[in-house]
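The next block is work.txt, given as compact mmCIF, C-alpha atoms.
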```txt
# COMPACT_ATOMS: atom_id res chain seq x y z
CA MET A 1 -6.38 -8.33 -19.21
CA GLN A 2 -6.79 -6.71 -15.78
CA ASN A 3 -4.83 -3.49 -15.34
CA ASP A 4 -3.05 -4.51 -12.13
CA LEU A 5 0.51 -4.50 -10.79
CA ARG A 6 1.31 -7.86 -12.38
CA ASN A 7 0.27 -6.73 -15.82
CA PHE A 8 2.37 -3.60 -15.39
CA LEU A 9 5.43 -5.63 -14.39
CA ASN A 10 4.95 -8.00 -17.32
CA ASN A 11 5.21 -4.98 -19.64
CA CYS A 12 8.39 -3.56 -18.08
CA ASP A 13 10.57 -5.73 -20.38
CA SER A 14 14.26 -4.81 -20.03
CA ASP A 15 13.43 -2.33 -17.24
CA LEU A 16 12.71 -5.24 -14.88
CA LEU A 17 15.65 -6.58 -12.87
CA LYS A 18 14.94 -9.93 -11.19
CA VAL A 19 17.02 -10.73 -8.11
CA LYS A 20 17.07 -14.47 -7.44
CA GLN A 21 19.65 -14.44 -4.63
CA ARG A 22 18.19 -14.68 -1.14
CA VAL A 23 17.82 -11.29 0.55
CA ASN A 24 16.79 -10.22 4.03
CA PRO A 25 13.88 -7.76 4.47
CA ARG A 26 15.94 -6.08 7.19
CA PHE A 27 18.11 -3.45 5.45
CA GLU A 28 19.27 -5.57 2.48
CA ILE A 29 16.31 -4.96 0.15
CA ALA A 30 16.23 -1.23 0.87
CA ALA A 31 19.99 -0.95 0.32
CA LEU A 32 19.72 -2.66 -3.06
CA LEU A 33 16.80 -0.44 -4.07
CA SER A 34 18.88 2.60 -3.16
CA GLU A 35 21.81 1.35 -5.23
CA THR A 36 19.62 0.85 -8.32
CA GLN A 37 17.33 3.88 -8.15
CA LEU A 38 19.32 5.96 -10.65
CA SER A 39 19.38 3.15 -13.23
CA GLY A 40 15.63 3.42 -13.68
CA GLU A 41 15.16 -0.34 -13.16
CA VAL A 42 12.21 -1.95 -11.43
CA VAL A 43 13.63 -4.52 -9.02
CA LEU A 44 11.76 -7.75 -8.26
CA PHE A 45 13.13 -9.83 -5.37
CA GLU A 46 12.14 -13.47 -5.80
CA ASN A 47 13.81 -15.09 -2.79
CA ILE A 48 12.91 -13.42 0.52
CA GLU A 49 14.53 -14.85 3.65
CA GLY A 50 11.80 -16.22 5.92
CA TYR A 51 8.97 -15.79 3.39
CA PRO A 52 8.81 -18.68 0.90
CA GLY A 53 6.52 -17.90 -2.02
CA ALA A 54 6.39 -14.15 -1.36
CA ARG A 55 8.12 -11.59 -3.55
CA VAL A 56 9.03 -7.92 -3.06
CA VAL A 57 9.09 -5.22 -5.75
CA GLY A 58 10.51 -1.70 -5.64
CA ASN A 59 11.55 1.28 -7.79
CA ILE A 60 8.25 1.04 -9.70
CA LEU A 61 8.14 4.80 -10.35
CA SER A 62 11.86 5.53 -10.45
CA CYS A 63 11.78 7.10 -13.95
CA ARG A 64 9.41 9.35 -15.91
CA LYS A 65 9.34 6.95 -18.85
CA ARG A 66 7.68 4.27 -16.71
CA MET A 67 5.28 6.76 -15.17
CA ALA A 68 4.22 7.78 -18.66
CA ARG A 69 3.74 4.12 -19.58
CA ALA A 70 1.53 3.65 -16.51
CA LEU A 71 -0.80 6.37 -17.81
CA GLY A 72 -0.57 5.30 -21.46
CA THR A 73 1.18 8.45 -22.67
CA THR A 74 4.60 9.97 -23.45
CA GLU A 75 7.00 11.75 -21.14
CA GLU A 76 6.32 15.05 -22.93
CA ASN A 77 2.57 14.74 -22.41
CA LEU A 78 2.71 13.27 -18.93
CA ALA A 79 1.49 16.30 -16.98
CA GLN A 80 -1.37 17.14 -19.34
CA THR A 81 -2.45 13.50 -19.54
CA TYR A 82 -2.53 13.39 -15.75
CA LEU A 83 -4.60 16.58 -15.50
CA ASN A 84 -7.03 15.46 -18.24
CA ALA A 85 -7.51 11.97 -16.79
CA LYS A 86 -8.08 13.39 -13.32
CA GLU A 87 -10.96 15.48 -14.67
CA ASN A 88 -12.54 12.40 -16.29
CA ALA A 89 -13.08 10.32 -13.18
CA VAL A 90 -14.47 6.80 -13.51
CA GLU A 91 -16.58 5.28 -10.74
CA PRO A 92 -15.39 1.95 -9.31
CA ILE A 93 -17.30 -1.29 -9.85
CA MET A 94 -17.72 -4.38 -7.71
CA CYS A 95 -15.67 -7.41 -8.71
CA GLU A 96 -17.64 -10.34 -10.08
CA GLY A 97 -16.74 -13.68 -8.54
CA LYS A 98 -13.96 -14.25 -6.04
CA ALA A 99 -11.48 -11.39 -5.83
CA PRO A 100 -7.81 -12.37 -6.39
CA VAL A 101 -6.79 -10.52 -3.22
CA LYS A 102 -8.91 -12.99 -1.21
CA GLU A 103 -7.13 -16.14 -2.36
CA VAL A 104 -5.73 -16.35 1.17
CA VAL A 105 -7.46 -14.78 4.18
CA HIS A 106 -5.98 -14.59 7.69
CA LYS A 107 -8.61 -13.45 10.20
CA ALA A 108 -7.47 -12.12 13.58
CA PRO A 109 -3.76 -12.64 12.80
CA GLN A 110 -1.56 -12.84 15.87
CA ASP A 111 1.69 -11.77 14.20
CA ILE A 112 1.65 -9.52 11.13
CA LEU A 113 5.37 -9.99 10.53
CA SER A 114 4.98 -13.76 10.24
CA ILE A 115 2.81 -13.17 7.14
CA LEU A 116 4.22 -10.05 5.47
CA PRO A 117 7.90 -9.22 4.71
CA ILE A 118 7.67 -5.66 6.00
CA LEU A 119 10.96 -3.92 5.33
CA THR A 120 13.33 -2.23 7.72
CA HIS A 121 14.90 0.51 5.61
CA TYR A 122 17.53 2.59 7.41
CA GLU A 123 20.06 1.76 10.10
CA ASN A 124 18.38 3.60 13.00
CA ASP A 125 14.77 2.76 12.11
CA ALA A 126 13.06 1.54 15.28
CA ALA A 127 11.20 -1.28 13.52
CA PRO A 128 9.96 -2.53 10.16
CA TYR A 129 7.77 0.08 8.41
CA ILE A 130 5.06 -0.14 5.77
CA THR A 131 5.77 2.77 3.41
CA SER A 132 3.70 2.09 0.29
CA GLY A 133 0.40 1.13 1.87
CA VAL A 134 -2.58 2.94 0.34
CA VAL A 135 -4.90 3.54 3.30
CA PHE A 136 -8.65 3.53 2.62
CA ALA A 137 -11.20 4.97 5.05
CA LYS A 138 -14.63 6.63 5.13
CA ASP A 139 -15.78 9.82 6.81
CA PRO A 140 -17.77 8.63 9.87
CA LYS A 141 -20.39 11.33 9.23
CA THR A 142 -20.75 11.53 5.45
CA GLU A 143 -19.22 8.15 4.47
CA ARG A 144 -17.17 9.94 1.81
CA ARG A 145 -14.34 7.62 0.82
CA ALA A 146 -10.69 8.68 0.89
CA MET A 147 -7.30 7.11 0.41
CA GLY A 148 -3.72 8.19 0.98
CA ILE A 149 -0.23 6.90 1.74
CA HIS A 150 0.70 6.94 5.43
CA ARG A 151 3.71 5.36 7.10
CA MET A 152 3.03 2.49 9.52
CA MET A 153 5.38 1.09 12.16
CA PHE A 154 5.17 -2.55 13.23
CA HIS A 155 4.63 -2.49 16.99
CA GLY A 156 4.50 -6.27 17.37
CA GLY A 157 1.72 -8.82 17.27
CA ASN A 158 -1.32 -7.42 15.47
CA GLN A 159 -0.60 -3.73 16.02
CA LEU A 160 0.73 -1.00 13.73
CA GLY A 161 1.44 2.63 14.52
CA ILE A 162 -0.04 4.84 11.79
CA PHE A 163 1.20 8.38 11.14
CA LEU A 164 -1.85 10.51 10.28
CA ALA A 165 -0.55 14.07 9.93
CA ASN A 166 -2.48 14.98 6.77
CA PRO A 167 -6.19 15.28 6.03
CA PRO A 168 -8.64 13.87 5.28
CA LEU A 169 -7.80 10.69 7.20
CA SER A 170 -6.56 12.69 10.19
CA LEU A 171 -9.95 14.45 10.26
CA TYR A 172 -11.83 11.16 9.90
CA LEU A 173 -10.00 9.80 12.94
CA ALA A 174 -10.77 12.95 14.95
CA GLU A 175 -14.47 12.55 14.14
CA ALA A 176 -14.44 8.89 15.15
CA GLU A 177 -12.55 9.63 18.36
CA ALA A 178 -15.04 12.35 19.28
CA SER A 179 -17.68 9.62 19.36
CA GLY A 180 -15.40 7.18 21.14
CA GLU A 181 -15.41 4.89 18.10
CA PRO A 182 -12.55 3.26 16.18
CA LEU A 183 -11.90 4.23 12.56
CA GLU A 184 -12.05 1.30 10.16
CA VAL A 185 -9.29 1.26 7.56
CA ALA A 186 -7.96 -0.96 4.79
CA ILE A 187 -4.32 -0.83 3.68
CA ALA A 188 -3.72 -1.95 0.10
CA LEU A 189 -0.24 -3.06 -0.95
CA GLY A 190 0.70 -3.83 -4.53
CA VAL A 191 -1.87 -1.75 -6.39
CA ASP A 192 -1.35 -0.68 -10.00
CA PRO A 193 0.80 2.47 -10.47
CA ALA A 194 -2.15 4.65 -11.56
CA THR A 195 -4.00 3.90 -8.33
CA LEU A 196 -0.83 4.57 -6.35
CA LEU A 197 -0.55 7.98 -8.04
CA ALA A 198 -4.21 8.77 -7.39
CA SER A 199 -3.73 8.09 -3.68
CA VAL A 200 -1.57 11.21 -3.29
CA VAL A 201 -3.76 13.54 -5.37
CA LYS A 202 -5.20 16.54 -3.54
CA VAL A 203 -9.00 16.56 -3.66
CA GLY A 204 -11.64 18.82 -2.17
CA PRO A 205 -14.67 17.94 -0.03
CA VAL A 206 -16.89 17.72 -3.14
CA GLY A 207 -16.48 16.09 -6.53
CA PRO A 208 -14.94 12.71 -7.33
CA ASP A 209 -13.05 10.78 -4.67
CA LYS A 210 -9.58 9.36 -5.21
CA VAL A 211 -10.82 5.91 -6.19
CA GLU A 212 -12.80 7.52 -9.00
CA ILE A 213 -9.77 9.57 -10.00
CA ALA A 214 -7.75 6.33 -10.07
CA GLY A 215 -10.29 5.01 -12.57
CA GLY A 216 -9.73 8.06 -14.75
CA LEU A 217 -5.96 7.65 -14.63
CA ARG A 218 -6.22 3.93 -15.36
CA GLY A 219 -8.74 4.43 -18.15
CA ALA A 220 -10.85 1.72 -16.50
CA PRO A 221 -12.81 1.45 -13.23
CA VAL A 222 -11.10 0.17 -10.11
CA GLN A 223 -12.65 -3.15 -9.10
CA LEU A 224 -13.61 -3.42 -5.43
CA THR A 225 -14.74 -6.23 -3.18
CA PRO A 226 -16.28 -6.19 0.34
CA GLY A 227 -13.88 -6.30 3.26
CA GLU A 228 -13.75 -9.42 5.36
CA THR A 229 -13.90 -7.82 8.82
CA ILE A 230 -14.65 -4.14 8.14
CA ASN A 231 -17.43 -2.17 6.47
CA LEU A 232 -15.20 -0.97 3.61
CA GLU A 233 -14.72 -2.00 0.00
CA ILE A 234 -11.15 -3.04 -0.80
CA PRO A 235 -9.24 -3.23 -4.13
CA ALA A 236 -9.99 -6.65 -5.59
CA TYR A 237 -6.76 -6.85 -7.59
CA ALA A 238 -4.32 -5.59 -4.96
CA GLU A 239 -1.59 -8.01 -3.94
CA VAL A 240 -2.26 -7.59 -0.21
CA VAL A 241 -4.92 -5.85 1.89
CA ILE A 242 -4.59 -5.34 5.63
CA GLU A 243 -7.90 -4.69 7.41
CA GLY A 244 -8.10 -3.08 10.81
CA LYS A 245 -9.36 -0.43 13.19
CA VAL A 246 -7.54 2.65 14.44
CA LEU A 247 -8.19 2.62 18.17
CA PRO A 248 -9.85 5.77 19.57
CA ASN A 249 -7.70 8.05 21.74
CA VAL A 250 -4.76 5.63 21.86
CA ARG A 251 -1.27 6.86 21.07
CA LYS A 252 2.05 5.06 21.20
CA GLU A 253 5.64 6.18 20.66
CA GLU A 254 6.53 5.81 16.99
CA GLY A 255 9.98 6.01 15.41
CA PRO A 256 12.69 6.89 14.80
CA PHE A 257 12.01 6.43 11.11
CA GLY A 258 14.09 7.54 8.13
CA GLU A 259 11.66 9.85 6.34
CA ASN A 260 11.53 11.15 2.75
CA THR A 261 13.60 14.17 3.80
CA GLY A 262 16.58 11.93 4.57
CA TYR A 263 16.36 12.43 8.34
CA TYR A 264 14.91 10.41 11.23
CA PHE A 265 11.63 11.46 12.82
CA SER A 266 9.81 10.27 15.94
CA GLY A 267 6.54 11.03 17.69
CA ASN A 268 3.37 9.64 19.20
CA SER A 269 0.98 8.16 16.64
CA PRO A 270 -2.41 6.44 16.62
CA VAL A 271 -2.47 2.66 16.92
CA LEU A 272 -4.06 0.35 14.37
CA GLU A 273 -5.27 -3.10 15.40
CA VAL A 274 -5.23 -5.53 12.48
CA THR A 275 -8.35 -7.69 12.13
CA ALA A 276 -7.51 -9.51 8.88
CA ILE A 277 -4.88 -9.86 6.17
CA CYS A 278 -5.96 -10.87 2.65
CA HIS A 279 -3.49 -11.65 -0.11
CA ARG A 280 -2.86 -13.54 -3.31
CA LYS A 281 -1.24 -16.97 -2.99
CA ASP A 282 2.07 -15.82 -4.46
CA PHE A 283 1.71 -12.17 -3.46
CA ILE A 284 4.12 -9.37 -4.38
CA TYR A 285 4.84 -7.01 -1.49
CA SER A 286 5.24 -3.51 -2.92
CA SER A 287 7.95 -1.32 -1.41
CA LEU A 288 8.46 2.43 -1.57
CA CYS A 289 11.90 3.16 -0.15
CA PRO A 290 11.97 6.61 1.54
CA TRP A 291 14.38 9.27 0.25
CA THR A 292 14.72 7.84 -3.26
CA THR A 293 13.79 8.91 -6.78
CA ASP A 294 10.74 6.64 -6.49
CA VAL A 295 9.26 9.05 -3.95
CA ASP A 296 10.55 12.10 -5.85
CA ASN A 297 8.72 11.03 -9.02
CA LEU A 298 5.53 10.22 -7.15
CA LEU A 299 5.55 13.68 -5.59
CA SER A 300 6.51 15.40 -8.83
CA LEU A 301 3.69 13.92 -10.87
CA ALA A 302 1.00 14.14 -8.23
CA ALA A 303 1.81 17.20 -6.11
CA GLY A 304 3.84 18.96 -8.82
CA THR A 305 1.27 18.52 -11.55
CA GLU A 306 -1.51 19.51 -9.16
CA LEU A 307 0.35 22.76 -8.49
CA LEU A 308 0.90 23.27 -12.22
CA GLY A 309 -2.82 22.89 -12.88
CA GLN A 310 -3.70 25.39 -10.15
CA LEU A 311 -1.21 27.95 -11.40
CA GLN A 312 -2.47 27.61 -14.97
CA THR A 313 -6.06 28.27 -13.85
CA GLN A 314 -5.08 31.31 -11.79
CA THR A 315 -2.65 33.06 -14.12
CA HIS A 316 -1.33 33.05 -17.68
CA GLY A 317 1.98 32.09 -19.22
CA VAL A 318 2.81 29.04 -17.07
CA CYS A 319 4.12 26.22 -19.31
CA ASP A 320 5.47 23.50 -17.03
CA LEU A 321 6.55 22.72 -13.47
CA GLU A 322 8.91 20.19 -11.91
CA LEU A 323 9.59 19.37 -8.27
CA VAL A 324 13.35 18.99 -8.25
CA THR A 325 14.69 15.48 -7.61
CA GLY A 326 16.46 15.16 -4.28
CA THR A 327 14.72 18.13 -2.64
CA CYS A 328 11.89 16.19 -0.96
CA GLY A 329 9.32 18.23 -2.88
CA PHE A 330 10.58 21.46 -1.27
CA THR A 331 12.00 22.99 -4.47
CA ALA A 332 10.26 23.68 -7.77
CA ASN A 333 11.36 24.84 -11.22
CA ILE A 334 8.68 26.60 -13.28
CA SER A 335 8.89 27.49 -16.96
CA VAL A 336 6.95 30.45 -18.35
CA LYS A 337 6.48 32.23 -21.66
CA ASP A 338 6.35 35.94 -22.54
CA LEU A 339 5.93 37.27 -19.01
CA THR A 340 7.01 40.54 -17.43
CA ALA A 341 8.97 40.75 -14.17
CA PRO A 342 5.78 41.56 -12.16
CA ASP A 343 4.07 38.55 -13.75
CA VAL A 344 6.92 36.29 -12.70
CA ARG A 345 6.86 37.68 -9.16
CA ARG A 346 3.12 36.96 -8.95
CA ILE A 347 3.71 33.34 -10.01
CA ILE A 348 6.39 32.95 -7.34
CA LEU A 349 4.02 34.29 -4.67
CA LEU A 350 1.18 32.05 -5.87
CA ALA A 351 3.29 28.89 -5.91
CA LEU A 352 4.75 29.48 -2.46
CA GLY A 353 1.30 30.28 -1.10
CA ILE A 354 -0.49 27.28 -2.59
CA ASP A 355 1.88 24.47 -1.56
CA ARG A 356 3.14 24.66 2.02
CA ARG A 357 5.90 22.15 1.23
CA LEU A 358 7.64 24.57 -1.12
CA LYS A 359 10.57 26.54 0.26
CA SER A 360 12.24 27.55 -3.00
CA VAL A 361 10.93 28.35 -6.49
CA THR A 362 12.98 29.14 -9.59
CA VAL A 363 11.19 30.56 -12.64
CA VAL A 364 12.83 30.27 -16.08
CA ASP A 365 11.79 30.91 -19.68
CA ASP A 366 10.33 28.10 -21.76
CA ASP A 367 13.60 27.76 -23.72
CA VAL A 368 15.16 26.24 -20.58
CA ASP A 369 14.65 22.53 -19.84
CA ILE A 370 13.44 22.52 -16.23
CA ARG A 371 14.39 18.83 -15.88
CA ASN A 372 17.97 19.51 -16.90
CA ALA A 373 19.92 20.74 -13.86
CA ARG A 374 22.67 22.14 -16.11
CA GLU A 375 20.26 24.36 -18.05
CA VAL A 376 18.54 25.65 -14.89
CA ALA A 377 21.95 26.43 -13.36
CA TRP A 378 22.89 28.19 -16.62
CA ALA A 379 19.75 30.34 -16.46
CA MET A 380 20.51 31.25 -12.85
CA ALA A 381 24.10 32.13 -13.77
CA THR A 382 23.28 34.26 -16.82
CA ARG A 383 19.75 35.65 -16.31
CA TYR A 384 19.42 36.17 -12.56
CA GLN A 385 20.57 39.18 -10.54
CA PRO A 386 20.34 38.57 -6.77
CA GLU A 387 19.33 42.08 -5.69
CA ARG A 388 16.79 42.51 -8.49
CA ASP A 389 15.37 39.02 -8.91
CA THR A 390 15.01 37.56 -5.41
CA VAL A 391 11.71 37.25 -3.53
CA ILE A 392 11.86 36.37 0.20
CA LEU A 393 8.77 35.62 2.30
CA LYS A 394 8.85 35.42 6.09
CA GLY A 395 6.45 33.97 8.65
CA MET A 396 5.40 31.09 6.42
CA GLU A 397 4.11 27.69 7.56
CA GLY A 398 6.67 24.89 7.63
CA TYR A 399 6.18 21.26 6.66
CA VAL A 400 5.84 18.56 9.30
CA ILE A 401 8.87 16.48 8.19
CA ASP A 402 11.17 19.41 7.40
CA PRO A 403 13.96 19.27 10.02
CA SER A 404 14.73 22.97 9.54
CA ALA A 405 11.14 24.09 10.24
CA ASP A 406 10.59 26.36 13.24
CA PRO A 407 6.93 26.19 14.37
CA LYS A 408 7.43 28.99 16.91
CA LYS A 409 9.14 31.63 14.79
CA GLY A 410 7.72 30.63 11.43
CA ASN A 411 9.66 29.81 8.29
CA SER A 412 10.92 31.67 5.25
CA ASN A 413 10.57 30.91 1.55
CA ILE A 414 12.51 32.19 -1.43
CA GLY A 415 11.83 32.70 -5.12
CA PHE A 416 14.28 33.34 -7.99
CA ASP A 417 13.38 35.05 -11.24
CA ALA A 418 15.83 33.57 -13.77
CA THR A 419 13.97 34.75 -16.85
CA LEU A 420 15.65 36.72 -19.62
CA ARG A 421 14.76 40.41 -19.62
CA ASP A 422 15.69 41.07 -23.27
CA LYS A 423 15.18 38.05 -25.52
CA THR A 424 15.96 39.98 -28.70
CA THR A 425 19.53 40.94 -27.86
CA ASN A 426 20.48 37.80 -25.92
CA PRO A 427 18.99 34.77 -27.67
CA LYS A 428 19.93 31.28 -26.54
CA VAL A 429 22.18 29.31 -28.90
CA THR A 430 20.28 26.61 -30.80
CA PHE A 431 20.69 24.00 -33.52
CA PRO A 432 18.59 23.91 -36.69
CA LYS A 433 15.51 21.74 -36.12
CA GLU A 434 16.40 19.48 -39.05
CA ALA A 435 19.81 18.71 -37.54
CA VAL A 436 18.24 17.81 -34.19
CA VAL A 437 15.70 15.48 -35.83
CA LYS A 438 18.41 13.72 -37.81
CA ALA A 439 20.67 13.41 -34.77
CA LYS A 440 17.87 11.68 -32.85
CA GLU A 441 17.22 9.31 -35.74
CA ILE A 442 20.90 8.39 -36.00
CA LEU A 443 21.17 7.76 -32.26
CA LYS A 444 18.00 5.66 -32.28
CA GLY A 445 19.48 3.45 -35.00
CA ALA A 446 22.86 3.22 -33.32
CA ARG A 447 21.27 2.11 -30.05
CA GLY A 448 18.96 -0.35 -31.75
CA THR A 449 15.86 1.18 -30.18
```

Once you've parsed the file, please lay out its structure as structure tokens.
Amino acid sequence: MQNDLRNFLNNCDSDLLKVKQRVNPRFEIAALLSETQLSGEVVLFENIEGYPGARVVGNILSCRKRMARALGTTEENLAQTYLNAKENAVEPIMCEGKAPVKEVVHKAPQDILSILPILTHYENDAAPYITSGVVFAKDPKTERRAMGIHRMMFHGGNQLGIFLANPPLSLYLAEAEASGEPLEVAIALGVDPATLLASVVKVGPVGPDKVEIAGGLRGAPVQLTPGETINLEIPAYAEVVIEGKVLPNVRKEEGPFGENTGYYFSGNSPVLEVTAICHRKDFIYSSLCPWTTDVDNLLSLAAGTELLGQLQTQTHGVCDLELVTGTCGFTANISVKDLTAPDVRRIILLALGIDRRLKSVTVVDDDVDIRNAREVAWAMATRYQPERDTVILKGMEGYVIDPSADPKKGNSNIGFDATLRDKTTNPKVTFPKEAVVKAKEILKGARGT
């Protein structure tokens, strides 16, 4: 069976909530996704106003359990599985026969919104926005392939505004514009979760590309098929693929848009002219609602685990790392083992220097559950002394969607050392291991799981 979004949804069992009541893509779907994000449910909307036959899905990655399932592992082994799979990249293959994504092909569409139920998320959003589109492109010089998630505003007709603040796609566009040429792109919607995760992985200029990394995370190669109107290969088993060209040296006002930081942002962005839309007959439009746990978990596994891997290669004693839910990826908790105060300070400096999104880092011992806000707060309350254990950095680079960033004066970051100085005289209270094992067994039976 093909490892695609449909197969993943079929295996969600009780985690899948099907909404049969008619809903409007303008505000109503996003509001319902926001209301259900903490429940951990995937939500499948089966009756979309104005789009008979189409469906919309959201909250795919709203809990760690489902992310672990997507990578065929457990929650405890999620980070290491991710790092191992990323190192064992699998090259993509070409799809044999007709690709499912090409069941319906619209060439030179005149109105994108008449085909796709693009969502309007927040009250002051200027227009419908594509938020979960995985954008594929090639370097105009080297033809190295890249993919990433970039927001896209519907401008009307066959045009989208595309926000390209991050490399490598921003660099690819600059190279194309220098030659006066458009940049061909493909936007895949409704890919499998492993491919979605791979799209936000940080990669260097050499080594495997993100499509190959997606193959490693999936445990099987991504199947591609030639584009209809562009010289790019597109995911054969995506639900929808939008083909188009980013026009050279054209900018248009974009926004306001409710970003992942929970605030509206506006600007001038490049313009994408759509040349074709391919989709399955009964396609599922995949949504990623900004400022939700869906985005938090995507960032935590991709960006957070990437940072964990880098720290572990550069220093010793780092056990785990979590980007804290609700902080837009700006705050991290790090657990360490058997480190001195100077060691902890070095880890704080490394973390804040590696990831420019980070503004705050808290380091705790490995006896503290970094995903349990109560335990981290307890460590801060009982192991941290402000004058002794605070690291403040000034003149640091801010992040593009951080509303508090000051590009003129620079920004400041902070680190907290909440590790225990004397573990022999102040041990943490614990239960006997046998009692914990039995308690879990009893609860499992009582819950019928």

Practice item. Rank nothing, just name the residue among A:Phe27, A:Tyr285, A:Tyr129, A:Tyr263 nearest to Ile60 in chain A, using only C-alpha atoms. Key: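 Of the candidates, the smallest distance to Ile60 in chain A is held by A:Tyr285.
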
Report the distance between CA of Glu253 in chain A and CA of Ile130 in chain A in Å, rounded to one decimal place.
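Spanning CA of Glu253 in chain A to CA of Ile130 in chain A is a straight-line distance of 16.2 Å.
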
Would you give me, as a Markdown table, each residue of range 200-220 of chain A having an atom within 7 Å of an atom of range 145-148 of chain A, along with its shortest atom pair and that distance in Å to one decimal, using all atoms listed in the file and sorting by chain and residue number?
```
| residue | atom | partner | partner_atom | distance |
| --- | --- | --- | --- | --- |
| A:Val200 | CA | A:Gly148 | CA | 5.7 |
| A:Asp209 | CA | A:Ala146 | CA | 6.4 |
| A:Lys210 | CA | A:Ala146 | CA | 6.2 |
```

Using all atoms listed in the file, which protein or nucleic acid residues come within 9 Å of Ala31 in chain A? Drop anything in the same chain fewer than 4 positions from it, and give the result as a short mmCIF file (atom, residue, chain, number, x, y, z; two decimals) with C-alpha atoms, in the coordinates of the input.
```
data_model
loop_
_atom_site.label_atom_id
_atom_site.label_comp_id
_atom_site.auth_asym_id
_atom_site.auth_seq_id
_atom_site.Cartn_x
_atom_site.Cartn_y
_atom_site.Cartn_z
CA PHE A 27 18.11 -3.45 5.45
CA GLU A 35 21.81 1.35 -5.23
CA THR A 36 19.62 0.85 -8.32
CA HIS A 121 14.90 0.51 5.61
CA TYR A 122 17.53 2.59 7.41
#
```

- Point out the residue among A:Arg144, A:Ala341, A:Arg66, A:Phe136 with the least atom-to-atom distance to Gly204 in chain A, counting all atoms listed in the file.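 Distance minimum relative to Gly204 in chain A lands on A:Arg144.
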
All residues 8 Å or closer to range 161-177 of chain A, only C-alpha atoms, same chain fewer than 3 positions away omitted, as a PyMOL selection string = chain A and resi 137-141+146-148+150-155+180-183+246+248-249+252+254+269-272+400

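In terms of minimum interatomic distance to Val376 in chain A, A:Glu322 ranks closest within A:Glu28, A:Glu322, A:Glu259, A:Asp343, counting all atoms listed in the file.
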
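Here the question is which of A:Ala238, A:Gly398, A:Val203, A:Thr275 gets nearest to Gln159 in chain A using all atoms listed in the file, and that residue is A:Thr275.
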
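Here CA of Asp320 in chain A is placed at a distance of 20.8 Å from CA of Ala381 in chain A.
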
Shortest contact to Tyr264 in chain A, candidates A:Gly244, A:Pro208, A:Gly215, A:Pro290, atoms counted all atoms listed in the file, goes to A:Pro290

Atom-to-atom span, CA of Asn124 in chain A and CA of Ser62 in chain A, Å: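 Computed distance, CA of Asn124 in chain A to CA of Ser62 in chain A, equals 24.4 Å.
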
request  = Please provide the set of residues having any atom within 8 Å of range 109-114 of chain A, restricted to all atoms listed in the file, with same-chain residues fewer than 4 positions apart removed, written as an MDAnalysis selection string.
outcome  = chainID A and resid 118 154 156:159 274:277

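Among the candidates A:Leu307, A:Pro342, A:Leu116, A:Trp378, the residue lying nearest to Ile354 in chain A is A:Leu307 (atoms considered: only C-alpha atoms).
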
Can you tell me which residues surround Asn413 in chain A at a distance of at most 10 Å, considering all atoms listed in the file, apart from same-chain residues fewer than 4 positions away, and format the answer as a PyMOL selection string? chain A and resi 330+349+352-353+356-361+391-398

Which residues are near Glu239 in chain A? Cut-off 6 Å, all atoms listed in the file, ignore same chain within fewer than 6 positions. Put them as a list of chain:residue names.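 The residues satisfying every condition are A:Val101, A:Leu189, A:Gly190, A:His279, A:Arg280, A:Phe283, A:Ile284.
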
Each side padded by 3 Å, which centre and which edge lengths in Å (one decimal) define the axis-aligned box around the listed atoms of range 116-121 of chain A? Give them as lines of an AutoDock Vina configuration file.
```
center_x = 9.6
center_y = -4.8
center_z = 6.2
size_x = 16.7
size_y = 16.6
size_z = 9.0
```
